[in-house]
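Heads up, the thing below is written out as structure tokens.
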Amino acid sequence: MVRPNAGTKGVPRLDRETQILDIASEQFGTQGFSATSVAAIADKAGISKPLIYNYFGSKEGLYEACLDRGGALLADEIERIARGDAVGIERGMATLAGMFTLLEPQPYLWRLFFDATAPSTGPIADSIALYAERIGKLADEGVTELMGLAGNADPLDISAMTAVWLGIVDSLMNWWMEHPDESADQMMQRCLRLLTALFGGDAE
């Protein structure tokens, strides 16, 4: 007997949803929101379009679910590192290492949050803003600590440096997307070289 929470062909609903989100995240992240169709996602998943609509309501609902899962993965990883012992630039490097490791098998997750073709209002925009705020708050905490170690508590300096750090992270991730053969370890070693050139030996 098929269990009540089962999807098509006896696959448990949770497993089926996970499969759909895996495929949808990759499609949205590589093709963009506007160029991705629910039909293509259903075809790759080997299921029907109505099943996706039954689970997620709409293409927008599916994208929002992808954002929520991807955003939680990224924010949870950064928070895990923040609770560790690394401080200052070491915390920044540990954050990059954690993000590279997390994203190596699924780099397209990063682009979900920077898709110009995605709706700019409504639940999707709200979800993007939520995780941007959550990650931005963690970046601000790390930069505040870094600046404090340098004896600088000026709030405008901290704000400017936080913007610089977030820009560096975004630029590195976008560069990585354009060089998919680079492994997480290679990216980390590259960052060490780049940040060492910027900050001197403190980046080691």
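In the structure tokens, chains take the letters A, B, ... in the order shown, each chain's residues start at 1, and ligands count up from 1 in the order shown.
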Nearby residues (only C-alpha atoms) at most 12 Å from Val164 (chain A), same-chain spacing under 6 positions excluded, as an mmCIF file with N, CA, C and O atoms, in the first residue's frame:
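Result file selection17.cif:
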```
data_model
loop_
_atom_site.group_PDB
_atom_site.id
_atom_site.type_symbol
_atom_site.label_atom_id
_atom_site.label_comp_id
_atom_site.auth_asym_id
_atom_site.auth_seq_id
_atom_site.Cartn_x
_atom_site.Cartn_y
_atom_site.Cartn_z
ATOM 1 N N GLY A 136 24.328 39.524 5.650
ATOM 2 C CA GLY A 136 24.942 40.830 5.850
ATOM 3 C C GLY A 136 25.207 41.124 7.317
ATOM 4 O O GLY A 136 26.227 41.729 7.664
ATOM 5 N N ALA A 139 28.274 39.305 8.285
ATOM 6 C CA ALA A 139 29.447 39.991 7.732
ATOM 7 C C ALA A 139 29.777 41.220 8.572
ATOM 8 O O ALA A 139 30.951 41.498 8.863
ATOM 9 N N ASP A 140 28.759 41.962 8.989
ATOM 10 C CA ASP A 140 28.970 43.153 9.811
ATOM 11 C C ASP A 140 29.609 42.786 11.146
ATOM 12 O O ASP A 140 30.521 43.478 11.622
ATOM 13 N N VAL A 143 33.300 41.935 10.441
ATOM 14 C CA VAL A 143 34.084 43.134 10.120
ATOM 15 C C VAL A 143 34.254 44.010 11.356
ATOM 16 O O VAL A 143 35.334 44.578 11.574
ATOM 17 N N ASP A 157 33.352 53.640 9.061
ATOM 18 C CA ASP A 157 34.447 52.809 8.545
ATOM 19 C C ASP A 157 34.021 51.343 8.507
ATOM 20 O O ASP A 157 34.306 50.616 7.548
ATOM 21 N N ILE A 158 33.346 50.915 9.571
ATOM 22 C CA ILE A 158 32.885 49.529 9.642
ATOM 23 C C ILE A 158 31.864 49.259 8.537
ATOM 24 O O ILE A 158 31.910 48.226 7.863
ATOM 25 N N ASP A 170 31.353 38.403 -3.248
ATOM 26 C CA ASP A 170 30.515 38.253 -4.446
ATOM 27 C C ASP A 170 31.376 38.158 -5.703
ATOM 28 O O ASP A 170 31.108 37.336 -6.590
ATOM 29 N N SER A 171 32.413 38.980 -5.789
ATOM 30 C CA SER A 171 33.295 38.952 -6.960
ATOM 31 C C SER A 171 34.013 37.615 -7.072
ATOM 32 O O SER A 171 34.146 37.051 -8.175
#
```
Near Glu141 (chain A), counting only C-alpha atoms, which residues have an atom at most 9 Å away, once you skip same-chain residues fewer than 5 positions from it, shown as number ranges by chain? A: 82, 136, 146, 162
With a distance cut-off of 9 Å and only C-alpha atoms, select the neighbouring residues of Ile135 (chain A), excluding the residue or stretch itself and same-chain residues fewer than 5 positions from it, and output the selection as a ChimeraX atom specification. /A:71,74-75,78-79,130,140
Keeping N, CA and C atoms for every residue in the selection just given, could you write it to a file as a PDB file, in the first residue's frame?
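So the final result, stored in selection.pdb, reads:
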```pdb
ATOM      1  N   GLY A  71      19.494  29.602   0.805  1.00  0.00           N
ATOM      2  CA  GLY A  71      19.846  30.654   1.751  1.00  0.00           C
ATOM      3  C   GLY A  71      20.114  30.119   3.135  1.00  0.00           C
ATOM      4  N   LEU A  74      23.598  28.439   3.225  1.00  0.00           N
ATOM      5  CA  LEU A  74      24.688  29.404   3.272  1.00  0.00           C
ATOM      6  C   LEU A  74      24.765  30.098   4.633  1.00  0.00           C
ATOM      7  N   ALA A  75      23.625  30.592   5.101  1.00  0.00           N
ATOM      8  CA  ALA A  75      23.614  31.320   6.370  1.00  0.00           C
ATOM      9  C   ALA A  75      23.990  30.412   7.538  1.00  0.00           C
ATOM     10  N   ILE A  78      27.787  29.940   7.560  1.00  0.00           N
ATOM     11  CA  ILE A  78      28.489  31.134   8.039  1.00  0.00           C
ATOM     12  C   ILE A  78      28.303  31.284   9.544  1.00  0.00           C
ATOM     13  N   GLU A  79      27.108  30.996  10.040  1.00  0.00           N
ATOM     14  CA  GLU A  79      26.865  31.070  11.476  1.00  0.00           C
ATOM     15  C   GLU A  79      27.677  30.023  12.232  1.00  0.00           C
ATOM     16  N   LEU A 130      15.581  38.673   2.909  1.00  0.00           N
ATOM     17  CA  LEU A 130      15.725  38.041   4.222  1.00  0.00           C
ATOM     18  C   LEU A 130      17.113  37.437   4.389  1.00  0.00           C
ATOM     19  N   ASP A 140      28.759  41.962   8.989  1.00  0.00           N
ATOM     20  CA  ASP A 140      28.970  43.153   9.811  1.00  0.00           C
ATOM     21  C   ASP A 140      29.609  42.786  11.146  1.00  0.00           C
TER      22      ASP A 140
END
```
Taking only C-alpha atoms into account, name the residue in A:Lys59, A:Arg80, A:Lys137, A:Arg91 that is nearest to Ala118 (chain A).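 Going through A:Lys59, A:Arg80, A:Lys137, A:Arg91 one by one, the smallest distance to Ala118 (chain A) is for A:Lys59.
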In terms of the shortest atom-to-atom distance over only C-alpha atoms, which of A:Val11, A:Ala72, A:Leu172, A:Leu156 is closest to Ala184 (chain A)?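 Looking at the shortest contact to Ala184 (chain A), the residue is A:Leu172.
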Write out as a list in words the residues lying within 7 Å of region 104-109 of chain A, counting only C-alpha atoms and excluding same-chain residues fewer than 4 positions away.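 Once the nearby chain positions are removed, what remains is Ser25, Glu26, Gly29, Thr30, Gly70, Phe100, Met177, Ser183 and Ala184 of chain A.
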Write the selection just made, keeping N, CA, C and O atoms, as a short mmCIF file (atom, residue, chain, number, x, y, z; two decimals), in the first residue's frame?
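Printed below is part_10.cif as written:
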```
data_model
loop_
_atom_site.label_atom_id
_atom_site.label_comp_id
_atom_site.auth_asym_id
_atom_site.auth_seq_id
_atom_site.Cartn_x
_atom_site.Cartn_y
_atom_site.Cartn_z
N SER A 25 16.93 23.95 -8.52
CA SER A 25 17.99 24.88 -8.12
C SER A 25 19.07 24.96 -9.18
O SER A 25 19.56 26.05 -9.51
N GLU A 26 19.44 23.80 -9.74
CA GLU A 26 20.47 23.80 -10.78
C GLU A 26 19.96 24.49 -12.05
O GLU A 26 20.69 25.27 -12.68
N GLY A 29 19.60 28.23 -11.29
CA GLY A 29 20.91 28.83 -11.06
C GLY A 29 21.78 28.92 -12.29
O GLY A 29 22.64 29.80 -12.39
N THR A 30 21.58 28.02 -13.25
CA THR A 30 22.41 28.03 -14.46
C THR A 30 21.71 28.70 -15.64
O THR A 30 22.36 29.37 -16.45
N GLY A 70 18.56 27.14 -0.24
CA GLY A 70 19.93 27.59 -0.49
C GLY A 70 20.38 28.65 0.49
O GLY A 70 21.51 28.62 0.98
N PHE A 100 33.20 27.89 0.01
CA PHE A 100 33.72 27.16 -1.15
C PHE A 100 33.41 25.67 -1.05
O PHE A 100 33.00 25.04 -2.02
N MET A 177 32.26 30.99 -10.68
CA MET A 177 31.23 30.46 -11.58
C MET A 177 31.72 30.44 -13.03
O MET A 177 31.32 29.59 -13.83
N SER A 183 38.71 23.91 -8.12
CA SER A 183 38.15 23.22 -6.96
C SER A 183 38.04 24.19 -5.78
O SER A 183 38.59 25.30 -5.81
N ALA A 184 37.33 23.75 -4.75
CA ALA A 184 37.22 24.57 -3.54
C ALA A 184 38.60 24.84 -2.94
O ALA A 184 38.90 25.95 -2.50
#
```
Tell me which of A:Ile168, A:Ala150, A:Met161, A:Leu14 sits closest to Gly88 (chain A), counting only C-alpha atoms.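 Closest residue, counting only C-alpha atoms: A:Ala150.
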Find the residue from A:Pro155, A:Ser48, A:Tyr131, A:Arg111 that sits nearest to Trp175 (chain A); use only C-alpha atoms when measuring.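 Ranked by minimum distance to Trp175 (chain A), first place goes to A:Arg111.
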